[in-house]
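start-v3.cif (mmCIF, C-alpha atoms) appears below.
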data_work
loop_
_atom_site.label_atom_id
_atom_site.label_comp_id
_atom_site.auth_asym_id
_atom_site.auth_seq_id
_atom_site.Cartn_x
_atom_site.Cartn_y
_atom_site.Cartn_z
CA MET A 1 34.48 -32.19 -15.03
CA ASN A 2 36.61 -33.82 -12.34
CA ALA A 3 38.83 -36.90 -12.71
CA SER A 4 36.20 -39.27 -11.25
CA ASP A 5 33.54 -38.13 -13.74
CA ALA A 6 36.04 -38.47 -16.57
CA ARG A 7 36.81 -42.09 -15.57
CA ILE A 8 33.12 -42.98 -15.37
CA ASP A 9 32.48 -41.50 -18.82
CA LYS A 10 35.43 -43.46 -20.17
CA TYR A 11 34.05 -46.73 -18.75
CA TRP A 12 30.60 -46.04 -20.22
CA GLU A 13 32.18 -45.28 -23.57
CA ARG A 14 34.00 -48.62 -23.57
CA LEU A 15 30.83 -50.45 -22.50
CA HIS A 16 28.83 -48.92 -25.37
CA ILE A 17 31.53 -49.83 -27.88
CA TRP A 18 32.48 -53.33 -26.76
CA GLY A 19 29.31 -54.42 -24.95
CA PRO A 20 27.43 -55.52 -28.09
CA TYR A 21 30.46 -57.59 -29.20
CA GLY A 22 30.54 -59.34 -25.83
CA LEU A 23 26.80 -60.04 -25.79
CA LEU A 24 26.92 -61.33 -29.38
CA GLY A 25 29.84 -63.60 -28.50
CA THR A 26 28.02 -64.88 -25.41
CA GLY A 27 24.93 -65.73 -27.48
CA LEU A 28 27.06 -67.44 -30.13
CA VAL A 29 28.90 -69.62 -27.59
CA LEU A 30 25.65 -70.67 -25.93
CA ALA A 31 24.09 -71.35 -29.34
CA VAL A 32 27.01 -73.65 -30.26
CA VAL A 33 26.73 -75.47 -26.93
CA SER A 34 22.99 -75.93 -27.51
CA ALA A 35 23.40 -76.93 -31.16
CA GLY A 36 20.48 -79.33 -30.97
CA ILE A 37 18.00 -76.46 -30.78
CA MET A 38 18.55 -75.55 -34.42
CA ASP A 39 17.26 -77.78 -37.24
CA GLY A 40 20.22 -78.16 -39.55
CA PRO A 41 22.94 -76.66 -41.76
CA VAL A 42 20.62 -74.05 -43.22
CA ASP A 43 20.03 -72.53 -39.78
CA TRP A 44 23.75 -72.53 -39.11
CA CYS A 45 24.42 -70.78 -42.40
CA LEU A 46 21.84 -68.15 -41.50
CA VAL A 47 23.37 -67.76 -38.03
CA GLY A 48 26.84 -67.36 -39.57
CA ALA A 49 25.60 -64.78 -42.05
CA LEU A 50 23.71 -62.83 -39.39
CA VAL A 51 26.65 -62.95 -36.94
CA GLY A 52 28.95 -61.67 -39.69
CA ALA A 53 26.46 -58.90 -40.50
CA ALA A 54 26.30 -58.01 -36.81
CA VAL A 55 30.09 -57.78 -36.56
CA LEU A 56 30.28 -55.61 -39.69
CA LEU A 57 27.49 -53.39 -38.30
CA GLN A 58 29.31 -52.98 -35.01
CA SER A 59 32.59 -52.19 -36.79
CA TRP A 60 30.86 -49.59 -38.97
CA TRP A 61 29.22 -47.96 -35.98
CA HIS A 62 32.44 -48.03 -33.98
CA GLY A 63 34.23 -46.22 -36.81
CA THR A 64 31.37 -43.77 -37.21
CA ARG A 65 31.56 -42.78 -33.54
CA HIS A 66 35.26 -42.01 -33.81
CA ARG A 67 34.82 -40.00 -37.01
CA ARG A 68 32.18 -37.85 -35.34
CA PRO A 69 33.49 -37.16 -31.82
CA HIS A 70 31.76 -33.81 -31.64
CA ARG A 71 28.37 -35.54 -31.59
CA GLY A 72 29.30 -37.43 -28.42
CA ARG A 73 26.57 -39.78 -27.23
CA SER A 74 23.70 -37.72 -28.58
CA PRO A 75 20.73 -39.33 -30.42
CA SER A 76 20.80 -38.99 -34.21
CA ARG A 77 19.28 -40.44 -37.38
CA ALA A 78 22.38 -42.57 -37.92
CA GLY A 79 22.07 -43.90 -34.37
CA THR A 80 18.40 -44.73 -34.91
CA ALA A 81 19.22 -46.55 -38.14
CA TYR A 82 21.99 -48.50 -36.42
CA TYR A 83 19.67 -49.45 -33.54
CA SER A 84 16.94 -50.61 -35.96
CA VAL A 85 19.26 -52.78 -38.09
CA ARG A 86 20.87 -54.27 -34.98
CA TRP A 87 17.44 -55.06 -33.54
CA ALA A 88 16.41 -56.82 -36.78
CA ILE A 89 19.59 -58.94 -36.76
CA ALA A 90 19.10 -59.78 -33.06
CA PHE A 91 15.43 -60.66 -33.66
CA LEU A 92 16.33 -63.08 -36.47
CA LEU A 93 19.15 -64.61 -34.44
CA THR A 94 16.85 -65.06 -31.42
CA TRP A 95 14.24 -66.62 -33.70
CA LEU A 96 16.85 -69.21 -34.69
CA ASN A 97 18.25 -69.66 -31.17
CA PRO A 98 16.84 -68.09 -27.96
CA PHE A 99 20.34 -67.63 -26.50
CA PHE A 100 20.95 -64.78 -28.94
CA ALA A 101 18.58 -62.80 -26.72
CA PHE A 102 21.80 -61.73 -24.96
CA TYR A 103 22.65 -59.77 -28.11
CA ALA A 104 19.11 -58.42 -28.28
CA ALA A 105 19.49 -57.16 -24.67
CA SER A 106 22.11 -54.65 -25.88
CA GLY A 107 19.11 -52.56 -26.94
CA TYR A 108 18.44 -51.87 -23.27
CA MET A 109 21.93 -50.50 -22.86
CA ASP A 110 22.11 -47.69 -25.40
CA ALA A 111 18.56 -46.72 -26.44
CA ASP A 112 19.00 -43.37 -24.67
CA GLU A 113 22.19 -42.75 -26.64
CA LEU A 114 20.87 -43.70 -30.07
CA ILE A 115 17.14 -42.91 -30.28
CA PRO A 116 15.71 -39.41 -29.79
CA GLY A 117 12.73 -38.42 -27.70
CA ARG A 118 9.47 -40.35 -27.85
CA TRP A 119 10.87 -42.99 -30.19
CA ARG A 120 13.11 -44.23 -27.39
CA ARG A 121 10.24 -46.09 -25.73
CA LEU A 122 9.42 -47.80 -29.03
CA GLY A 123 13.02 -49.03 -29.30
CA LEU A 124 12.90 -50.38 -25.75
CA PHE A 125 9.60 -52.10 -26.49
CA ALA A 126 11.05 -53.77 -29.60
CA SER A 127 14.04 -55.06 -27.62
CA ALA A 128 11.70 -56.23 -24.83
CA VAL A 129 9.68 -58.23 -27.41
CA THR A 130 12.78 -60.12 -28.52
CA VAL A 131 14.05 -60.77 -24.97
CA ALA A 132 10.59 -61.77 -23.65
CA GLY A 133 10.13 -64.13 -26.59
CA ALA A 134 13.38 -65.91 -25.74
CA GLN A 135 12.47 -66.05 -22.05
CA ALA A 136 9.04 -67.53 -22.91
CA GLY A 137 10.66 -70.45 -24.75
CA GLY A 138 11.36 -68.99 -28.16
CA LEU A 139 9.76 -67.09 -31.01
CA MET A 140 6.96 -67.64 -31.85
CA PRO A 141 4.95 -68.92 -28.84
CA GLU A 142 2.92 -71.97 -29.77
CA SER A 143 0.39 -72.38 -26.95
CA THR A 144 -1.92 -70.15 -24.97
CA ALA A 145 0.21 -70.65 -21.88
CA GLN A 146 3.28 -69.56 -23.82
CA TRP A 147 1.45 -66.50 -25.11
CA LEU A 148 0.38 -65.58 -21.59
CA GLY A 149 3.89 -66.13 -20.33
CA PHE A 150 5.24 -64.07 -23.22
CA ALA A 151 2.79 -61.23 -22.43
CA ALA A 152 3.74 -61.26 -18.75
CA LEU A 153 7.45 -61.31 -19.51
CA LEU A 154 7.03 -58.56 -22.10
CA ALA A 155 5.20 -56.38 -19.57
CA ALA A 156 7.85 -57.04 -16.94
CA ASN A 157 10.77 -56.35 -19.29
CA PHE A 158 9.26 -53.28 -20.86
CA GLY A 159 7.98 -51.92 -17.52
CA LEU A 160 11.35 -52.32 -15.85
CA GLN A 161 13.24 -50.75 -18.73
CA SER A 162 10.72 -47.91 -18.93
CA VAL A 163 11.26 -47.14 -15.25
CA VAL A 164 15.03 -47.21 -15.73
CA ALA A 165 14.72 -45.01 -18.84
CA HIS A 166 12.53 -42.54 -16.95
CA ILE A 167 15.02 -42.32 -14.08
CA THR A 168 17.85 -41.87 -16.58
CA GLU A 169 16.00 -39.10 -18.39
CA GLN A 170 15.25 -37.35 -15.11
CA GLU A 171 18.91 -37.54 -14.13
CA GLU A 172 19.95 -36.20 -17.53
CA GLN A 173 17.48 -33.34 -17.15
CA ARG A 174 18.85 -32.55 -13.70
CA SER A 175 22.36 -32.63 -15.14
CA ARG A 176 21.33 -30.22 -17.89
CA ASP A 177 19.63 -27.99 -15.34
CA ARG A 178 22.75 -28.03 -13.15
CA ALA A 179 24.92 -27.23 -16.14
CA SER A 180 22.58 -24.40 -17.12
CA THR A 181 22.58 -23.09 -13.53
CA ILE A 182 26.36 -23.27 -13.34
CA GLU A 183 26.63 -21.45 -16.66
CA ALA A 184 24.19 -18.79 -15.47
CA LEU A 185 26.10 -18.43 -12.18
CA GLN A 186 29.39 -18.14 -14.06
CA GLN A 187 27.88 -15.51 -16.31
CA ALA A 188 26.55 -13.67 -13.26
CA LEU A 189 29.99 -13.87 -11.64
CA ASP A 190 31.61 -12.51 -14.79
CA GLU A 191 29.06 -9.70 -14.95
CA ASN A 192 29.54 -9.02 -11.25
CA ALA A 193 33.30 -8.86 -11.72
CA ALA A 194 32.87 -6.44 -14.62
CA LEU A 195 30.41 -4.36 -12.57
CA HIS A 196 32.79 -4.40 -9.60
CA ALA A 197 35.61 -3.17 -11.83
CA GLN A 198 33.34 -0.47 -13.25
CA LEU A 199 32.27 0.61 -9.75
CA LEU A 200 35.92 0.81 -8.70
CA VAL A 201 36.66 3.05 -11.66
CA GLN A 202 33.63 5.23 -10.91
CA ALA A 203 34.53 5.39 -7.22
CA ARG A 204 38.08 6.38 -8.09
CA GLU A 205 36.82 9.05 -10.50
CA ALA A 206 34.33 10.30 -7.90
CA GLY A 207 37.10 10.40 -5.31
CA VAL A 208 39.34 12.38 -7.66
CA ALA A 209 36.50 14.80 -8.44
CA ASP A 210 35.65 15.20 -4.76
CA GLU A 211 39.29 15.81 -3.89
CA ARG A 212 39.50 18.44 -6.63
CA ARG A 213 36.45 20.18 -5.24
CA ARG A 214 37.88 19.99 -1.74
CA LEU A 215 41.19 21.48 -2.82
CA ALA A 216 39.43 24.17 -4.84
CA ALA A 217 37.31 25.10 -1.84
CA GLU A 218 40.32 25.02 0.49
CA ILE A 219 42.33 27.26 -1.84
CA HIS A 220 39.40 29.63 -2.05
CA ASP A 221 38.94 29.67 1.72
CA THR A 222 42.64 30.18 2.41
CA LEU A 223 44.60 31.84 -0.35
CA ALA A 224 41.75 33.67 -2.09
CA GLN A 225 40.20 35.09 1.08
CA GLY A 226 43.61 35.88 2.54
CA LEU A 227 44.71 37.68 -0.61
CA THR A 228 41.41 39.58 -0.70
CA GLY A 229 42.04 40.80 2.86
CA ILE A 230 45.65 41.68 2.06
CA ILE A 231 44.54 43.68 -0.98
CA ALA A 232 41.96 45.52 1.12
CA GLN A 233 44.61 46.44 3.71
CA LEU A 234 47.08 47.58 1.07
CA GLN A 235 44.41 49.69 -0.63
CA VAL A 236 43.93 51.50 2.68
CA VAL A 237 47.69 52.00 2.89
CA ALA A 238 47.75 53.41 -0.64
CA ASN A 239 44.91 55.83 0.08
CA THR A 240 45.90 57.16 3.54
CA PRO A 241 48.44 59.93 4.15
CA ASP A 242 48.72 58.96 7.83
CA GLU A 243 51.97 57.04 8.35
CA ASN A 244 50.88 55.43 11.60
CA GLN A 245 47.62 54.24 10.11
CA ALA A 246 49.43 52.97 7.02
CA ARG A 247 51.94 51.09 9.19
CA GLU A 248 49.08 49.50 11.14
CA HIS A 249 47.41 48.27 7.94
CA VAL A 250 50.72 46.95 6.63
CA HIS A 251 51.10 44.92 9.82
CA ARG A 252 47.59 43.59 9.38
CA ALA A 253 48.39 42.63 5.78
CA MET A 254 51.50 40.79 6.96
CA ASP A 255 49.54 38.97 9.64
CA LEU A 256 46.97 37.94 7.03
CA ALA A 257 49.75 36.70 4.74
CA ARG A 258 51.25 34.56 7.52
CA HIS A 259 47.83 33.26 8.48
CA SER A 260 46.98 32.41 4.86
CA LEU A 261 50.32 30.66 4.38
CA GLY A 262 49.65 28.45 7.40
CA GLU A 263 46.13 27.71 6.16
CA ALA A 264 47.45 26.78 2.71
CA ARG A 265 50.01 24.38 4.16
CA ARG A 266 47.44 22.68 6.34
CA SER A 267 44.91 22.49 3.49
CA VAL A 268 47.46 20.67 1.34
CA HIS A 269 47.88 18.10 4.12
CA ASN A 270 44.09 17.91 4.61
CA LEU A 271 44.34 19.03 8.22
CA ALA A 272 42.06 21.24 10.29
CA PRO A 273 42.16 25.02 9.81
CA VAL A 274 44.88 26.91 11.67
CA ALA A 275 42.32 28.51 13.95
CA LEU A 276 41.30 25.06 15.24
CA ALA A 277 44.83 23.86 15.90
CA ASP A 278 45.00 25.28 19.44
CA ALA A 279 41.35 25.99 20.27
CA GLY A 280 37.85 24.55 20.01
CA LEU A 281 35.24 25.72 17.52
CA PRO A 282 33.63 28.39 19.75
CA GLU A 283 37.00 30.06 20.44
CA ALA A 284 38.02 29.80 16.79
CA LEU A 285 34.74 31.36 15.62
CA LYS A 286 34.97 34.14 18.21
CA GLN A 287 38.50 35.03 17.10
CA THR A 288 37.51 34.85 13.42
CA VAL A 289 34.52 37.17 13.94
CA THR A 290 36.61 39.61 16.00
CA ASP A 291 39.39 39.77 13.40
CA TRP A 292 36.86 40.21 10.60
CA GLY A 293 35.13 43.07 12.43
CA GLU A 294 38.45 44.83 13.00
CA ARG A 295 39.41 44.53 9.32
CA THR A 296 36.07 45.66 7.93
CA GLY A 297 34.99 48.16 10.57
CA VAL A 298 31.61 46.38 10.86
CA ARG A 299 30.22 45.80 14.34
CA ALA A 300 30.44 42.02 14.66
CA GLU A 301 29.35 39.90 17.62
CA PHE A 302 29.69 36.22 18.41
CA THR A 303 27.46 34.18 20.75
CA ALA A 304 27.61 30.51 21.78
CA THR A 305 24.60 28.80 23.38
CA GLY A 306 24.04 25.34 24.79
CA THR A 307 26.62 23.03 26.33
CA ALA A 308 29.77 23.25 24.24
CA GLN A 309 31.13 19.93 22.98
CA GLN A 310 34.51 18.96 21.57
CA LEU A 311 33.48 18.31 17.97
CA HIS A 312 35.01 15.98 15.44
CA GLU A 313 37.62 17.91 13.49
CA GLU A 314 35.76 17.50 10.18
CA ILE A 315 32.55 18.92 11.66
CA ALA A 316 34.40 21.80 13.31
CA ALA A 317 36.37 22.58 10.15
CA THR A 318 33.19 22.54 8.05
CA LEU A 319 31.38 25.06 10.29
CA LEU A 320 34.45 27.30 10.50
CA ARG A 321 34.87 27.30 6.71
CA ILE A 322 31.17 28.13 6.24
CA ALA A 323 31.51 31.02 8.68
CA GLN A 324 34.64 32.31 6.91
CA GLU A 325 32.93 32.15 3.51
CA ALA A 326 29.82 33.89 4.86
CA LEU A 327 31.92 36.66 6.41
CA SER A 328 33.88 37.03 3.16
CA ASN A 329 30.63 37.35 1.20
CA ALA A 330 29.28 39.88 3.72
CA SER A 331 32.39 42.06 3.43
CA ARG A 332 32.17 42.07 -0.38
CA HIS A 333 28.43 42.39 -0.96
CA ALA A 334 26.34 43.10 2.16
CA ARG A 335 27.47 46.64 3.04
CA ALA A 336 26.21 45.81 6.53
CA GLY A 337 26.55 47.95 9.65
CA ARG A 338 26.11 45.05 12.02
CA LEU A 339 26.63 41.29 11.88
CA GLY A 340 25.95 38.53 14.41
CA VAL A 341 27.21 34.94 14.53
CA THR A 342 25.59 32.37 16.83
CA LEU A 343 26.79 28.83 17.48
CA THR A 344 24.18 26.58 19.11
CA PHE A 345 24.76 23.12 20.55
CA LEU A 346 21.32 21.54 20.42
CA GLY A 347 20.81 17.86 21.25
CA ASP A 348 22.31 15.82 18.43
CA GLU A 349 23.10 18.70 16.07
CA VAL A 350 25.06 21.93 15.89
CA ILE A 351 23.58 25.06 14.34
CA LEU A 352 25.56 27.99 12.97
CA ASP A 353 23.51 31.18 12.34
CA ILE A 354 24.95 34.27 10.63
CA ARG A 355 22.80 37.41 10.28
CA ASP A 356 23.53 40.86 8.92
CA ASP A 357 21.55 44.05 8.33
CA GLY A 358 22.97 44.67 4.87
CA VAL A 359 21.38 45.28 1.51
CA GLY A 360 20.19 41.68 1.12
CA PHE A 361 19.45 39.94 -2.17
CA ASP A 362 16.96 37.70 -3.93
CA PRO A 363 18.08 34.05 -3.40
CA LEU A 364 16.16 32.99 -6.52
CA ALA A 365 17.93 35.50 -8.74
CA LEU A 366 21.55 34.76 -7.96
CA PRO A 367 23.87 35.04 -10.99
CA ALA A 368 25.88 32.00 -12.08
CA ARG A 369 29.31 31.64 -10.52
CA THR A 370 32.08 32.96 -12.76
CA ARG A 371 35.76 32.12 -12.94
CA THR A 372 36.63 35.16 -10.88
CA GLY A 373 33.88 34.70 -8.33
CA GLY A 374 33.91 32.77 -5.09
CA PHE A 375 32.27 29.52 -4.20
CA GLY A 376 29.48 31.37 -2.40
CA LEU A 377 26.27 29.65 -1.34
CA ASP A 378 26.90 26.57 -3.50
CA GLY A 379 30.25 25.97 -1.84
CA MET A 380 28.82 26.43 1.66
CA ARG A 381 25.90 24.13 0.89
CA ALA A 382 28.25 21.50 -0.53
CA ARG A 383 30.38 21.65 2.62
CA ALA A 384 27.34 21.15 4.85
CA GLU A 385 25.98 18.27 2.77
CA ARG A 386 29.39 16.57 2.76
CA VAL A 387 28.98 15.96 6.52
CA ALA A 388 25.24 15.07 6.24
CA GLY A 389 24.14 18.60 7.10
CA SER A 390 22.10 21.31 5.39
CA LEU A 391 22.24 25.02 4.65
CA THR A 392 19.31 27.45 4.45
CA VAL A 393 19.39 31.09 3.39
CA GLU A 394 16.76 33.76 4.00
CA SER A 395 17.18 37.18 2.41
CA GLU A 396 15.40 39.89 0.48
CA PRO A 397 16.58 43.17 -0.96
CA GLY A 398 16.91 45.88 1.70
CA HIS A 399 16.31 43.58 4.66
CA GLY A 400 19.62 41.84 5.28
CA THR A 401 20.52 38.17 5.13
CA ALA A 402 20.17 35.24 7.53
CA LEU A 403 22.14 32.05 6.92
CA SER A 404 21.77 28.84 8.96
CA ALA A 405 23.94 25.71 8.73
CA ARG A 406 22.82 22.60 10.59
CA VAL A 407 25.18 19.62 10.93
CA PRO A 408 25.19 16.46 13.09
CA LEU A 409 26.86 16.75 16.48
CA VAL A 410 29.70 14.25 16.11
CA ARG A 411 32.04 14.35 19.05
CA HIS A 412 35.80 14.26 18.77
CA ASP A 413 37.08 10.67 18.68
CA ARG A 414 39.69 10.51 21.36
#
Starting from the coordinates I provided, produce the structure as structure tokens.
Amino acid sequence: MNASDARIDKYWERLHIWGPYGLLGTGLVLAVVSAGIMDGPVDWCLVGALVGAAVLLQSWWHGTRHRRPHRGRSPSRAGTAYYSVRWAIAFLLTWLNPFFAFYAASGYMDADELIPGRWRRLGLFASAVTVAGAQAGGLMPESTAQWLGFAALLAANFGLQSVVAHITEQEEQRSRDRASTIEALQQALDENAALHAQLLVQAREAGVADERRRLAAEIHDTLAQGLTGIIAQLQVVANTPDENQAREHVHRAMDLARHSLGEARRSVHNLAPVALADAGLPEALKQTVTDWGERTGVRAEFTATGTAQQLHEEIAATLLRIAQEALSNASRHARAGRLGVTLTFLGDEVILDIRDDGVGFDPLALPARTRTGGFGLDGMRARAERVAGSLTVESEPGHGTALSARVPLVRHDR
């Protein structure tokens, strides 16, 4: 509630408290001025008694309101009782002197505050009877003309107050609806804030998990594969009596160690593979396939088709890592005599095909990955899907393996 609304509520509160006193005083002053209307001392004694009762009633109600501030201006049984007694006093006073209709008019002012629901109209009608009687010349009307005038005035008073009461009720309902809407919106905002915080936590956790997977894959593609190659070269050294051949394999092992060290450093900094630092993807794949063929003794060939494009580094790195993992798997499991790698630039996508004539396997019967195993097909598929691509594998025992990775052709952002 803003300051303006608070001031208005304060003014209404004062009016409801002090208004009946003012209207009673106005009626009393006018009754004294028009003393000739009343018959004699008995009427004045009754007026004095009724005015005193009215003042005591107002004082009691004033104190009751302050003792029950939590009820505010809400209708209650006590309010209905107060309204009824006040109406009876006002009716008797107006019967004695029509000017006390001013006091009776206070019933128009606070019926919505004191009387609940459907009984509110009855309270307004009772007040309208008293006021219309005074306007028609006093209670009770004595002639047909006075009765007709009383009926017309009663209809006018009650009709006008009913319209005002209806408008007031509609405004109160709109206020309640607005309050309910604001409360619902606030609740929705609170829920949205909580959901936003939860989504941030989930996004952070997902980011951490994704980064762990990335680092695990990078370590596997760099250190693990490099160490595997180094071990293979050193095993040859340990098993050959030829010094020249042993020296050659030692040099290869050293080259692999340097290469793996560079890859590890770049992986930590989330950069592109070493092979892509100074060359495009076709050149990097060609060199990778050539080096792999020399290390394994398998006849390996690389082919690039289509118009070569300078790919985004993430796309190029993904395809190179898939090729490295596929070659690593082929050297460990395929026992192939020949292997071919094809890179195809086709419209809006890039396709990497790797085929070998090895022993093959059943894709539906792959064993679960162990702690000592590589990332294999799952890792390659995850890499492809991370850049909105896909990976398909065709193989069967004794008939080799064909692997195809398809990713969007996203050009390098210069």
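Across the model, the gap from atom CA of A:Leu160 to atom CA of A:Thr144 is 24.0 Å.
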Spatial neighbours of A:Met109, max dist 12 Å, all atoms listed in the file, sep filter under 2 positions, as an NGL selection string = :A and (12-13 or 15-20 or 23 or 83 or 102-107 or 111-115 or 120 or 123-124 or 127-128 or 161 or 164-165 or 168)
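You can rank A:Gln198, A:Thr290, A:Ser143, A:Gln186 by their closest distance to A:Leu339 using all atoms listed in the file, and at the top of that list sits A:Thr290.
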Quick one: pull the distance between atom CA of A:Asn244 and atom CA of A:Arg332, Å, one decimal.
-> 25.9 Å
Quick one: residues within 12 Å of (30.1, -49.4, -36.4) (file frame), counting all atoms listed in the file, please, as a PDB file with C-alpha atoms, keeping the file's coordinate frame.
ATOM      1  CA  HIS A  16      28.830 -48.920 -25.370  1.00  0.00           C
ATOM      2  CA  ILE A  17      31.530 -49.830 -27.880  1.00  0.00           C
ATOM      3  CA  TRP A  18      32.480 -53.330 -26.760  1.00  0.00           C
ATOM      4  CA  PRO A  20      27.430 -55.520 -28.090  1.00  0.00           C
ATOM      5  CA  TYR A  21      30.460 -57.590 -29.200  1.00  0.00           C
ATOM      6  CA  ALA A  53      26.460 -58.900 -40.500  1.00  0.00           C
ATOM      7  CA  ALA A  54      26.300 -58.010 -36.810  1.00  0.00           C
ATOM      8  CA  VAL A  55      30.090 -57.780 -36.560  1.00  0.00           C
ATOM      9  CA  LEU A  56      30.280 -55.610 -39.690  1.00  0.00           C
ATOM     10  CA  LEU A  57      27.490 -53.390 -38.300  1.00  0.00           C
ATOM     11  CA  GLN A  58      29.310 -52.980 -35.010  1.00  0.00           C
ATOM     12  CA  SER A  59      32.590 -52.190 -36.790  1.00  0.00           C
ATOM     13  CA  TRP A  60      30.860 -49.590 -38.970  1.00  0.00           C
ATOM     14  CA  TRP A  61      29.220 -47.960 -35.980  1.00  0.00           C
ATOM     15  CA  HIS A  62      32.440 -48.030 -33.980  1.00  0.00           C
ATOM     16  CA  GLY A  63      34.230 -46.220 -36.810  1.00  0.00           C
ATOM     17  CA  THR A  64      31.370 -43.770 -37.210  1.00  0.00           C
ATOM     18  CA  ARG A  65      31.560 -42.780 -33.540  1.00  0.00           C
ATOM     19  CA  HIS A  66      35.260 -42.010 -33.810  1.00  0.00           C
ATOM     20  CA  ARG A  67      34.820 -40.000 -37.010  1.00  0.00           C
ATOM     21  CA  ARG A  68      32.180 -37.850 -35.340  1.00  0.00           C
ATOM     22  CA  ALA A  78      22.380 -42.570 -37.920  1.00  0.00           C
ATOM     23  CA  GLY A  79      22.070 -43.900 -34.370  1.00  0.00           C
ATOM     24  CA  ALA A  81      19.220 -46.550 -38.140  1.00  0.00           C
ATOM     25  CA  TYR A  82      21.990 -48.500 -36.420  1.00  0.00           C
ATOM     26  CA  TYR A  83      19.670 -49.450 -33.540  1.00  0.00           C
ATOM     27  CA  VAL A  85      19.260 -52.780 -38.090  1.00  0.00           C
ATOM     28  CA  ARG A  86      20.870 -54.270 -34.980  1.00  0.00           C
TER      29      ARG A  86
END
If the PyMOL selection byres ((chain A and resi 363-365) around 12) were run on this exact file, what residues would it hold? Put them as a PDB file with C-alpha atoms, keeping the file's coordinate frame.
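Output (selection_10.pdb):
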ATOM      1  CA  GLY A 360      20.190  41.680   1.120  1.00  0.00           C
ATOM      2  CA  PHE A 361      19.450  39.940  -2.170  1.00  0.00           C
ATOM      3  CA  ASP A 362      16.960  37.700  -3.930  1.00  0.00           C
ATOM      4  CA  LEU A 366      21.550  34.760  -7.960  1.00  0.00           C
ATOM      5  CA  PRO A 367      23.870  35.040 -10.990  1.00  0.00           C
ATOM      6  CA  ALA A 368      25.880  32.000 -12.080  1.00  0.00           C
ATOM      7  CA  GLY A 376      29.480  31.370  -2.400  1.00  0.00           C
ATOM      8  CA  LEU A 377      26.270  29.650  -1.340  1.00  0.00           C
ATOM      9  CA  ASP A 378      26.900  26.570  -3.500  1.00  0.00           C
ATOM     10  CA  THR A 392      19.310  27.450   4.450  1.00  0.00           C
ATOM     11  CA  VAL A 393      19.390  31.090   3.390  1.00  0.00           C
ATOM     12  CA  GLU A 394      16.760  33.760   4.000  1.00  0.00           C
ATOM     13  CA  SER A 395      17.180  37.180   2.410  1.00  0.00           C
ATOM     14  CA  GLU A 396      15.400  39.890   0.480  1.00  0.00           C
ATOM     15  CA  PRO A 397      16.580  43.170  -0.960  1.00  0.00           C
ATOM     16  CA  GLY A 400      19.620  41.840   5.280  1.00  0.00           C
ATOM     17  CA  THR A 401      20.520  38.170   5.130  1.00  0.00           C
ATOM     18  CA  ALA A 402      20.170  35.240   7.530  1.00  0.00           C
ATOM     19  CA  LEU A 403      22.140  32.050   6.920  1.00  0.00           C
TER      20      LEU A 403
END
If I wrap all listed atoms of stretch 236-241 of chain A in a box with edges along x, y and z and add 4 Å on each side, what are its centre and edge lengths in Å to one decimal, as lines of an AutoDock Vina configuration file?
center_x = 46.2
center_y = 55.7
center_z = 1.8
size_x = 12.5
size_y = 16.4
size_z = 12.8
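The space between atom CA of A:Leu50 and atom CA of A:Ser34 spans 17.7 Å.
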Determine, for each residue of stretch 270-353 of chain A having at least one atom at most 10 Å from an atom of stretch 384-388 of chain A, the closest pair of atoms and their separation in Å to one decimal, counting all atoms listed in the file; order by chain and ascending number, as a tab-separated table.
residue	atom	partner	partner_atom	distance
A:Glu314	CA	A:Val387	CA	7.9
A:Ile315	CA	A:Val387	CA	6.9
A:Thr318	CA	A:Ala384	CA	6.8
A:Leu319	CA	A:Ala384	CA	7.8
A:Arg321	CA	A:Ala384	CA	9.9
A:Ile322	CA	A:Ala384	CA	8.1
Point out the residue among A:Val47, A:Arg176, A:Gln309, A:Pro282 with the least atom-to-atom distance to A:Ile89, counting all atoms listed in the file.
-> A:Val47
Can you pull out the residues contacting A:Leu227? Cut-off 8 Å, using all atoms listed in the file, and skip same-chain residues under 4 positions away; I want them as a short mmCIF file (atom, residue, chain, number, x, y, z; two decimals) with C-alpha atoms, in the coordinates of the input.
data_model
loop_
_atom_site.label_atom_id
_atom_site.label_comp_id
_atom_site.auth_asym_id
_atom_site.auth_seq_id
_atom_site.Cartn_x
_atom_site.Cartn_y
_atom_site.Cartn_z
CA LEU A 223 44.60 31.84 -0.35
CA ILE A 231 44.54 43.68 -0.98
CA LEU A 256 46.97 37.94 7.03
CA ALA A 257 49.75 36.70 4.74
CA SER A 260 46.98 32.41 4.86
#
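Residues surrounding A:Asn97 within 9 Å are Gly27, Ala31, Ser34, Ala35, Ile37, Met38, Val47, Leu92, Leu93, Thr94, Phe100, Ala101, Ala134, Gly138 and Leu139 of chain A [only C-alpha atoms; sequence separation below 3 positions excluded].
Closest to A:Ala232 among A:Val163, A:Leu343, A:Leu96, A:Ala253 is A:Ala253, based on all atoms listed in the file.
The closest residue to A:Thr296, picked from A:Gly340, A:Gly280, A:Gly229, A:Gly48 and counting only C-alpha atoms, is A:Gly229.
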Contacts of A:Ala132 at 9 Å or less, counting all atoms listed in the file, minus same-chain residues fewer than 4 places along, as an NGL selection string?
-> :A and (101 or 127-128 or 136-138 or 149-157)
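The residue that comes closest to A:Phe158, out of A:Leu46, A:Val250, A:Val131, A:Leu185 and on the basis of all atoms listed in the file, is A:Val131.
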Please work out which residues fall within 10 Å of (29.0, 47.4, 1.5), coordinates as given in the file, with only C-alpha atoms counting, and return them as a ChimeraX atom specification.
-> /A:296,298,330-337,358-359
Enumerate, as a PyMOL selection string, the residues matched when the PyMOL selection byres ((chain A and resi 302) around 10) is run on the file above.
-> chain A and resi 282-283+285-290+300-301+303-304+339-343+354
